[in-house]
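**Q** Below is the file structure.pdb, which contains PDB, N, CA and C atoms.
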```pdb
ATOM      1  N   MET A   1     -69.686 -72.033 -28.396  1.00  0.00           N
ATOM      2  CA  MET A   1     -68.457 -72.724 -28.093  1.00  0.00           C
ATOM      3  C   MET A   1     -67.588 -72.879 -29.338  1.00  0.00           C
ATOM      4  N   VAL A   2     -68.199 -73.245 -30.454  1.00  0.00           N
ATOM      5  CA  VAL A   2     -67.461 -73.409 -31.698  1.00  0.00           C
ATOM      6  C   VAL A   2     -66.890 -72.076 -32.156  1.00  0.00           C
ATOM      7  N   VAL A   3     -67.648 -71.010 -31.948  1.00  0.00           N
ATOM      8  CA  VAL A   3     -67.178 -69.680 -32.344  1.00  0.00           C
ATOM      9  C   VAL A   3     -65.937 -69.305 -31.541  1.00  0.00           C
ATOM     10  N   MET A   4     -65.897 -69.669 -30.262  1.00  0.00           N
ATOM     11  CA  MET A   4     -64.718 -69.376 -29.443  1.00  0.00           C
ATOM     12  C   MET A   4     -63.507 -70.144 -29.966  1.00  0.00           C
ATOM     13  N   TRP A   5     -63.681 -71.411 -30.339  1.00  0.00           N
ATOM     14  CA  TRP A   5     -62.564 -72.182 -30.886  1.00  0.00           C
ATOM     15  C   TRP A   5     -62.102 -71.609 -32.211  1.00  0.00           C
ATOM     16  N   PHE A   6     -63.049 -71.172 -33.039  1.00  0.00           N
ATOM     17  CA  PHE A   6     -62.691 -70.566 -34.315  1.00  0.00           C
ATOM     18  C   PHE A   6     -61.908 -69.279 -34.085  1.00  0.00           C
ATOM     19  N   ALA A   7     -62.351 -68.433 -33.153  1.00  0.00           N
ATOM     20  CA  ALA A   7     -61.644 -67.185 -32.856  1.00  0.00           C
ATOM     21  C   ALA A   7     -60.257 -67.470 -32.287  1.00  0.00           C
ATOM     22  N   PHE A   8     -60.157 -68.455 -31.414  1.00  0.00           N
ATOM     23  CA  PHE A   8     -58.861 -68.812 -30.840  1.00  0.00           C
ATOM     24  C   PHE A   8     -57.907 -69.305 -31.928  1.00  0.00           C
ATOM     25  N   ALA A   9     -58.381 -70.190 -32.777  1.00  0.00           N
ATOM     26  CA  ALA A   9     -57.526 -70.727 -33.834  1.00  0.00           C
ATOM     27  C   ALA A   9     -57.160 -69.661 -34.857  1.00  0.00           C
ATOM     28  N   ALA A  10     -58.092 -68.786 -35.168  1.00  0.00           N
ATOM     29  CA  ALA A  10     -57.813 -67.721 -36.129  1.00  0.00           C
ATOM     30  C   ALA A  10     -56.778 -66.743 -35.593  1.00  0.00           C
ATOM     31  N   SER A  11     -56.717 -66.581 -34.276  1.00  0.00           N
ATOM     32  CA  SER A  11     -55.726 -65.671 -33.704  1.00  0.00           C
ATOM     33  C   SER A  11     -54.325 -66.275 -33.720  1.00  0.00           C
ATOM     34  N   LEU A  12     -54.214 -67.557 -33.973  1.00  0.00           N
ATOM     35  CA  LEU A  12     -52.919 -68.231 -34.001  1.00  0.00           C
ATOM     36  C   LEU A  12     -52.532 -68.689 -35.404  1.00  0.00           C
ATOM     37  N   VAL A  13     -52.885 -67.925 -36.420  1.00  0.00           N
ATOM     38  CA  VAL A  13     -52.699 -68.382 -37.798  1.00  0.00           C
ATOM     39  C   VAL A  13     -51.246 -68.621 -38.162  1.00  0.00           C
ATOM     40  N   TRP A  14     -50.327 -68.079 -37.445  1.00  0.00           N
ATOM     41  CA  TRP A  14     -48.924 -68.259 -37.798  1.00  0.00           C
ATOM     42  C   TRP A  14     -48.372 -69.581 -37.290  1.00  0.00           C
ATOM     43  N   ARG A  15     -49.147 -70.352 -36.613  1.00  0.00           N
ATOM     44  CA  ARG A  15     -48.662 -71.625 -36.075  1.00  0.00           C
ATOM     45  C   ARG A  15     -49.354 -72.803 -36.757  1.00  0.00           C
ATOM     46  N   ARG A  16     -48.681 -73.899 -36.790  1.00  0.00           N
ATOM     47  CA  ARG A  16     -49.254 -75.102 -37.396  1.00  0.00           C
ATOM     48  C   ARG A  16     -50.450 -75.628 -36.619  1.00  0.00           C
ATOM     49  N   ALA A  17     -50.440 -75.461 -35.323  1.00  0.00           N
ATOM     50  CA  ALA A  17     -51.536 -75.968 -34.499  1.00  0.00           C
ATOM     51  C   ALA A  17     -52.860 -75.303 -34.859  1.00  0.00           C
ATOM     52  N   ALA A  18     -52.812 -74.056 -35.252  1.00  0.00           N
ATOM     53  CA  ALA A  18     -54.043 -73.347 -35.614  1.00  0.00           C
ATOM     54  C   ALA A  18     -54.680 -73.958 -36.852  1.00  0.00           C
ATOM     55  N   THR A  19     -53.859 -74.340 -37.802  1.00  0.00           N
ATOM     56  CA  THR A  19     -54.386 -74.969 -39.016  1.00  0.00           C
ATOM     57  C   THR A  19     -55.098 -76.272 -38.670  1.00  0.00           C
ATOM     58  N   ALA A  20     -54.458 -77.087 -37.867  1.00  0.00           N
ATOM     59  CA  ALA A  20     -55.070 -78.357 -37.475  1.00  0.00           C
ATOM     60  C   ALA A  20     -56.328 -78.126 -36.652  1.00  0.00           C
ATOM     61  N   LEU A  21     -56.290 -77.149 -35.762  1.00  0.00           N
ATOM     62  CA  LEU A  21     -57.447 -76.862 -34.922  1.00  0.00           C
ATOM     63  C   LEU A  21     -58.631 -76.370 -35.752  1.00  0.00           C
ATOM     64  N   LEU A  22     -58.381 -75.527 -36.726  1.00  0.00           N
ATOM     65  CA  LEU A  22     -59.460 -75.065 -37.605  1.00  0.00           C
ATOM     66  C   LEU A  22     -60.079 -76.234 -38.363  1.00  0.00           C
ATOM     67  N   LEU A  23     -59.246 -77.118 -38.873  1.00  0.00           N
ATOM     68  CA  LEU A  23     -59.766 -78.284 -39.589  1.00  0.00           C
ATOM     69  C   LEU A  23     -60.565 -79.198 -38.669  1.00  0.00           C
ATOM     70  N   VAL A  24     -60.082 -79.416 -37.466  1.00  0.00           N
ATOM     71  CA  VAL A  24     -60.781 -80.287 -36.516  1.00  0.00           C
ATOM     72  C   VAL A  24     -62.118 -79.684 -36.102  1.00  0.00           C
ATOM     73  N   VAL A  25     -62.133 -78.386 -35.822  1.00  0.00           N
ATOM     74  CA  VAL A  25     -63.384 -77.733 -35.421  1.00  0.00           C
ATOM     75  C   VAL A  25     -64.404 -77.788 -36.555  1.00  0.00           C
ATOM     76  N   GLY A  26     -63.958 -77.498 -37.777  1.00  0.00           N
ATOM     77  CA  GLY A  26     -64.872 -77.559 -38.913  1.00  0.00           C
ATOM     78  C   GLY A  26     -65.440 -78.947 -39.123  1.00  0.00           C
ATOM     79  N   LEU A  27     -64.582 -79.951 -39.059  1.00  0.00           N
ATOM     80  CA  LEU A  27     -65.055 -81.333 -39.223  1.00  0.00           C
ATOM     81  C   LEU A  27     -65.940 -81.768 -38.062  1.00  0.00           C
ATOM     82  N   PHE A  28     -65.609 -81.323 -36.854  1.00  0.00           N
ATOM     83  CA  PHE A  28     -66.419 -81.655 -35.689  1.00  0.00           C
ATOM     84  C   PHE A  28     -67.841 -81.123 -35.843  1.00  0.00           C
ATOM     85  N   VAL A  29     -67.975 -79.885 -36.307  1.00  0.00           N
ATOM     86  CA  VAL A  29     -69.305 -79.302 -36.489  1.00  0.00           C
ATOM     87  C   VAL A  29     -70.035 -79.999 -37.637  1.00  0.00           C
ATOM     88  N   LEU A  30     -69.338 -80.231 -38.738  1.00  0.00           N
ATOM     89  CA  LEU A  30     -69.994 -80.855 -39.889  1.00  0.00           C
ATOM     90  C   LEU A  30     -70.417 -82.293 -39.625  1.00  0.00           C
ATOM     91  N   VAL A  31     -69.700 -83.000 -38.773  1.00  0.00           N
ATOM     92  CA  VAL A  31     -70.044 -84.394 -38.488  1.00  0.00           C
ATOM     93  C   VAL A  31     -70.861 -84.519 -37.201  1.00  0.00           C
ATOM     94  N   GLY A  32     -70.456 -83.808 -36.171  1.00  0.00           N
ATOM     95  CA  GLY A  32     -71.079 -83.978 -34.858  1.00  0.00           C
ATOM     96  C   GLY A  32     -72.428 -83.311 -34.699  1.00  0.00           C
ATOM     97  N   TYR A  33     -72.592 -82.141 -35.287  1.00  0.00           N
ATOM     98  CA  TYR A  33     -73.857 -81.427 -35.097  1.00  0.00           C
ATOM     99  C   TYR A  33     -75.052 -82.174 -35.677  1.00  0.00           C
ATOM    100  N   PRO A  34     -74.976 -82.701 -36.893  1.00  0.00           N
ATOM    101  CA  PRO A  34     -76.142 -83.432 -37.409  1.00  0.00           C
ATOM    102  C   PRO A  34     -76.493 -84.658 -36.565  1.00  0.00           C
ATOM    103  N   ILE A  35     -75.492 -85.311 -36.017  1.00  0.00           N
ATOM    104  CA  ILE A  35     -75.754 -86.488 -35.175  1.00  0.00           C
ATOM    105  C   ILE A  35     -76.456 -86.072 -33.890  1.00  0.00           C
ATOM    106  N   ALA A  36     -75.992 -84.972 -33.293  1.00  0.00           N
ATOM    107  CA  ALA A  36     -76.550 -84.533 -32.016  1.00  0.00           C
ATOM    108  C   ALA A  36     -77.903 -83.839 -32.162  1.00  0.00           C
ATOM    109  N   ALA A  37     -78.127 -83.150 -33.265  1.00  0.00           N
ATOM    110  CA  ALA A  37     -79.324 -82.324 -33.387  1.00  0.00           C
ATOM    111  C   ALA A  37     -80.391 -82.907 -34.293  1.00  0.00           C
ATOM    112  N   SER A  38     -80.158 -84.044 -34.906  1.00  0.00           N
ATOM    113  CA  SER A  38     -81.117 -84.549 -35.890  1.00  0.00           C
ATOM    114  C   SER A  38     -82.512 -84.823 -35.347  1.00  0.00           C
ATOM    115  N   PRO A  39     -82.684 -85.340 -34.134  1.00  0.00           N
ATOM    116  CA  PRO A  39     -84.070 -85.570 -33.714  1.00  0.00           C
ATOM    117  C   PRO A  39     -84.784 -84.290 -33.255  1.00  0.00           C
ATOM    118  N   GLN A  40     -84.052 -83.229 -32.941  1.00  0.00           N
ATOM    119  CA  GLN A  40     -84.674 -82.050 -32.368  1.00  0.00           C
ATOM    120  C   GLN A  40     -84.981 -80.951 -33.375  1.00  0.00           C
ATOM    121  N   PHE A  41     -84.198 -80.848 -34.454  1.00  0.00           N
ATOM    122  CA  PHE A  41     -84.342 -79.737 -35.381  1.00  0.00           C
ATOM    123  C   PHE A  41     -84.662 -80.230 -36.783  1.00  0.00           C
ATOM    124  N   PRO A  42     -85.331 -79.383 -37.582  1.00  0.00           N
ATOM    125  CA  PRO A  42     -85.590 -79.768 -38.972  1.00  0.00           C
ATOM    126  C   PRO A  42     -84.291 -79.756 -39.788  1.00  0.00           C
ATOM    127  N   VAL A  43     -84.324 -80.410 -40.922  1.00  0.00           N
ATOM    128  CA  VAL A  43     -83.151 -80.531 -41.780  1.00  0.00           C
ATOM    129  C   VAL A  43     -82.637 -79.163 -42.218  1.00  0.00           C
ATOM    130  N   SER A  44     -83.537 -78.231 -42.501  1.00  0.00           N
ATOM    131  CA  SER A  44     -83.107 -76.906 -42.946  1.00  0.00           C
ATOM    132  C   SER A  44     -82.284 -76.188 -41.876  1.00  0.00           C
ATOM    133  N   THR A  45     -82.636 -76.335 -40.623  1.00  0.00           N
ATOM    134  CA  THR A  45     -81.876 -75.721 -39.533  1.00  0.00           C
ATOM    135  C   THR A  45     -80.506 -76.374 -39.400  1.00  0.00           C
ATOM    136  N   ILE A  46     -80.457 -77.676 -39.530  1.00  0.00           N
ATOM    137  CA  ILE A  46     -79.183 -78.384 -39.432  1.00  0.00           C
ATOM    138  C   ILE A  46     -78.246 -77.962 -40.560  1.00  0.00           C
ATOM    139  N   ILE A  47     -78.760 -77.853 -41.763  1.00  0.00           N
ATOM    140  CA  ILE A  47     -77.946 -77.424 -42.904  1.00  0.00           C
ATOM    141  C   ILE A  47     -77.463 -75.992 -42.708  1.00  0.00           C
ATOM    142  N   PHE A  48     -78.331 -75.112 -42.205  1.00  0.00           N
ATOM    143  CA  PHE A  48     -77.942 -73.725 -41.964  1.00  0.00           C
ATOM    144  C   PHE A  48     -76.826 -73.631 -40.929  1.00  0.00           C
ATOM    145  N   VAL A  49     -76.952 -74.361 -39.833  1.00  0.00           N
ATOM    146  CA  VAL A  49     -75.921 -74.335 -38.786  1.00  0.00           C
ATOM    147  C   VAL A  49     -74.613 -74.917 -39.311  1.00  0.00           C
ATOM    148  N   MET A  50     -74.696 -75.994 -40.069  1.00  0.00           N
ATOM    149  CA  MET A  50     -73.475 -76.571 -40.635  1.00  0.00           C
ATOM    150  C   MET A  50     -72.786 -75.592 -41.581  1.00  0.00           C
ATOM    151  N   ALA A  51     -73.567 -74.861 -42.372  1.00  0.00           N
ATOM    152  CA  ALA A  51     -72.989 -73.910 -43.318  1.00  0.00           C
ATOM    153  C   ALA A  51     -72.391 -72.693 -42.622  1.00  0.00           C
ATOM    154  N   THR A  52     -73.022 -72.242 -41.543  1.00  0.00           N
ATOM    155  CA  THR A  52     -72.540 -71.027 -40.891  1.00  0.00           C
ATOM    156  C   THR A  52     -71.486 -71.283 -39.825  1.00  0.00           C
ATOM    157  N   LEU A  53     -71.499 -72.438 -39.185  1.00  0.00           N
ATOM    158  CA  LEU A  53     -70.535 -72.715 -38.125  1.00  0.00           C
ATOM    159  C   LEU A  53     -69.489 -73.761 -38.500  1.00  0.00           C
ATOM    160  N   GLY A  54     -69.745 -74.569 -39.486  1.00  0.00           N
ATOM    161  CA  GLY A  54     -68.802 -75.611 -39.852  1.00  0.00           C
ATOM    162  C   GLY A  54     -67.918 -75.266 -41.024  1.00  0.00           C
ATOM    163  N   LEU A  55     -68.479 -74.630 -42.031  1.00  0.00           N
ATOM    164  CA  LEU A  55     -67.698 -74.351 -43.233  1.00  0.00           C
ATOM    165  C   LEU A  55     -66.640 -73.257 -43.071  1.00  0.00           C
ATOM    166  N   PRO A  56     -66.891 -72.148 -42.344  1.00  0.00           N
ATOM    167  CA  PRO A  56     -65.831 -71.126 -42.234  1.00  0.00           C
ATOM    168  C   PRO A  56     -64.533 -71.632 -41.608  1.00  0.00           C
ATOM    169  N   PRO A  57     -64.559 -72.318 -40.454  1.00  0.00           N
ATOM    170  CA  PRO A  57     -63.275 -72.801 -39.947  1.00  0.00           C
ATOM    171  C   PRO A  57     -62.656 -73.881 -40.826  1.00  0.00           C
ATOM    172  N   LEU A  58     -63.488 -74.693 -41.456  1.00  0.00           N
ATOM    173  CA  LEU A  58     -62.960 -75.725 -42.346  1.00  0.00           C
ATOM    174  C   LEU A  58     -62.289 -75.089 -43.563  1.00  0.00           C
ATOM    175  N   ALA A  59     -62.922 -74.077 -44.136  1.00  0.00           N
ATOM    176  CA  ALA A  59     -62.336 -73.386 -45.283  1.00  0.00           C
ATOM    177  C   ALA A  59     -61.053 -72.652 -44.892  1.00  0.00           C
ATOM    178  N   ALA A  60     -61.063 -71.985 -43.743  1.00  0.00           N
ATOM    179  CA  ALA A  60     -59.864 -71.271 -43.292  1.00  0.00           C
ATOM    180  C   ALA A  60     -58.723 -72.251 -43.033  1.00  0.00           C
ATOM    181  N   GLY A  61     -59.019 -73.371 -42.395  1.00  0.00           N
ATOM    182  CA  GLY A  61     -57.993 -74.379 -42.151  1.00  0.00           C
ATOM    183  C   GLY A  61     -57.458 -74.976 -43.441  1.00  0.00           C
ATOM    184  N   ALA A  62     -58.340 -75.218 -44.397  1.00  0.00           N
ATOM    185  CA  ALA A  62     -57.903 -75.772 -45.679  1.00  0.00           C
ATOM    186  C   ALA A  62     -57.019 -74.784 -46.432  1.00  0.00           C
ATOM    187  N   LEU A  63     -57.378 -73.502 -46.395  1.00  0.00           N
ATOM    188  CA  LEU A  63     -56.558 -72.495 -47.058  1.00  0.00           C
ATOM    189  C   LEU A  63     -55.195 -72.348 -46.390  1.00  0.00           C
ATOM    190  N   LEU A  64     -55.168 -72.361 -45.071  1.00  0.00           N
ATOM    191  CA  LEU A  64     -53.884 -72.280 -44.364  1.00  0.00           C
ATOM    192  C   LEU A  64     -53.043 -73.524 -44.617  1.00  0.00           C
ATOM    193  N   TRP A  65     -53.675 -74.686 -44.622  1.00  0.00           N
ATOM    194  CA  TRP A  65     -52.955 -75.924 -44.870  1.00  0.00           C
ATOM    195  C   TRP A  65     -52.379 -75.943 -46.280  1.00  0.00           C
ATOM    196  N   ARG A  66     -53.162 -75.450 -47.225  1.00  0.00           N
ATOM    197  CA  ARG A  66     -52.692 -75.405 -48.608  1.00  0.00           C
ATOM    198  C   ARG A  66     -51.517 -74.451 -48.747  1.00  0.00           C
ATOM    199  N   ARG A  67     -51.594 -73.327 -48.055  1.00  0.00           N
ATOM    200  CA  ARG A  67     -50.515 -72.344 -48.146  1.00  0.00           C
ATOM    201  C   ARG A  67     -49.245 -72.852 -47.468  1.00  0.00           C
ATOM    202  N   ARG A  68     -49.382 -73.524 -46.321  1.00  0.00           N
ATOM    203  CA  ARG A  68     -48.214 -74.012 -45.581  1.00  0.00           C
ATOM    204  C   ARG A  68     -47.733 -75.360 -46.089  1.00  0.00           C
ATOM    205  N   GLY A  69     -48.625 -76.174 -46.606  1.00  0.00           N
ATOM    206  CA  GLY A  69     -48.275 -77.539 -46.959  1.00  0.00           C
ATOM    207  C   GLY A  69     -47.497 -77.679 -48.249  1.00  0.00           C
ATOM    208  N   GLY A  70     -47.571 -76.690 -49.090  1.00  0.00           N
ATOM    209  CA  GLY A  70     -46.882 -76.774 -50.370  1.00  0.00           C
ATOM    210  C   GLY A  70     -45.406 -76.472 -50.240  1.00  0.00           C
ATOM    211  N   LYS A  71     -44.806 -76.150 -51.365  1.00  0.00           N
ATOM    212  CA  LYS A  71     -43.383 -75.831 -51.369  1.00  0.00           C
ATOM    213  C   LYS A  71     -43.152 -74.488 -50.680  1.00  0.00           C
ATOM    214  N   ARG A  72     -42.090 -74.407 -49.952  1.00  0.00           N
ATOM    215  CA  ARG A  72     -41.726 -73.137 -49.323  1.00  0.00           C
ATOM    216  C   ARG A  72     -41.066 -72.254 -50.371  1.00  0.00           C
ATOM    217  N   GLN A  73     -41.443 -70.973 -50.333  1.00  0.00           N
ATOM    218  CA  GLN A  73     -40.869 -70.051 -51.304  1.00  0.00           C
ATOM    219  C   GLN A  73     -39.521 -69.562 -50.796  1.00  0.00           C
ATOM    220  N   SER A  74     -38.584 -69.411 -51.715  1.00  0.00           N
ATOM    221  CA  SER A  74     -37.312 -68.820 -51.337  1.00  0.00           C
ATOM    222  C   SER A  74     -37.472 -67.302 -51.344  1.00  0.00           C
ATOM    223  N   ASN A  75     -36.506 -66.605 -50.812  1.00  0.00           N
ATOM    224  CA  ASN A  75     -36.589 -65.145 -50.714  1.00  0.00           C
ATOM    225  C   ASN A  75     -36.637 -64.479 -52.080  1.00  0.00           C
ATOM    226  N   GLU A  76     -35.972 -65.043 -53.064  1.00  0.00           N
ATOM    227  CA  GLU A  76     -35.952 -64.408 -54.373  1.00  0.00           C
ATOM    228  C   GLU A  76     -37.264 -64.582 -55.132  1.00  0.00           C
ATOM    229  N   ASN A  77     -38.048 -65.609 -54.790  1.00  0.00           N
ATOM    230  CA  ASN A  77     -39.318 -65.828 -55.484  1.00  0.00           C
ATOM    231  C   ASN A  77     -40.519 -65.302 -54.717  1.00  0.00           C
ATOM    232  N   ALA A  78     -40.331 -64.877 -53.492  1.00  0.00           N
ATOM    233  CA  ALA A  78     -41.447 -64.423 -52.672  1.00  0.00           C
ATOM    234  C   ALA A  78     -41.921 -63.055 -53.142  1.00  0.00           C
ATOM    235  N   ASP A  79     -43.231 -62.896 -53.183  1.00  0.00           N
ATOM    236  CA  ASP A  79     -43.824 -61.627 -53.589  1.00  0.00           C
ATOM    237  C   ASP A  79     -44.344 -60.851 -52.384  1.00  0.00           C
ATOM    238  N   GLY A  80     -43.816 -61.095 -51.234  1.00  0.00           N
ATOM    239  CA  GLY A  80     -44.255 -60.392 -50.045  1.00  0.00           C
ATOM    240  C   GLY A  80     -45.452 -61.035 -49.365  1.00  0.00           C
ATOM    241  N   LEU A  81     -45.801 -62.236 -49.759  1.00  0.00           N
ATOM    242  CA  LEU A  81     -46.949 -62.919 -49.156  1.00  0.00           C
ATOM    243  C   LEU A  81     -46.512 -63.826 -48.061  1.00  0.00           C
TER     244      LEU A  81
END
```
Let me see whether you can do it: turn the structure in this file into structure tokens.
**A**
Amino acid sequence: MVVMWFAFAASLVWRRAATALLLVVGLFVLVGYPIAASPQFPVSTIIFVMATLGLPPLAAGALLWRRRGGKRQSNENADGL
């Protein structure tokens, strides 16, 4: 389910909603999964799932937020990015 949200948000990178959605999904996995899975799985499994399913959308959202949240570049200073 988280992978579907990550794929959906990644396909909408040109919109602000995708940035927020990536951040929310990453935080949801990093906070919600340990709470839900702590009695059933060992700590190593929980850490592995958090690293593989929580950090990529969180990192992508943070990078998009950093790129969009800063100063907007004018046409004369833009390097094609």
**Q** Could you state which residues are captured by the PyMOL selection byres ((chain A and resi 27-42) around 8) in this file, as a ChimeraX atom specification?
**A** /A:2,21-26,43-51,53-55,57-59
**Q** Can you tell me how far atom CA of Arg66 of chain A sits from atom N of Thr52 of chain A, in Å to one decimal?
**A**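 Going from atom CA of Arg66 of chain A over to atom N of Thr52 of chain A, I get 21.8 Å.
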**Q** Mind pulling up the distance from atom N of Pro56 of chain A to atom C of Met4 of chain A?
**A** 13.0 Å
**Q** Using 5 Å of padding on each side, determine the axis-aligned box around all atoms of segment 50-69 of chain A present in the file and give its centre and edge lengths in Å to one decimal, as lines of an AutoDock Vina configuration file.
**A**
```
center_x = -61.1
center_y = -74.4
center_z = -43.4
size_x = 37.2
size_y = 16.7
size_z = 20.6
```
**Q** Please run DSSP on the backbone and report, as a VMD selection string, all residues within segment 16-55 of chain A that come out as alpha helix (DSSP H).
**A** chain A and resid 16 to 37 43 to 49 55
**Q** One decimal, Å: what's the distance from atom C of Val3 of chain A over to atom C of Trp65 of chain A, could you say?
**A**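 For atom C of Val3 of chain A relative to atom C of Trp65 of chain A, the distance reads 21.1 Å.
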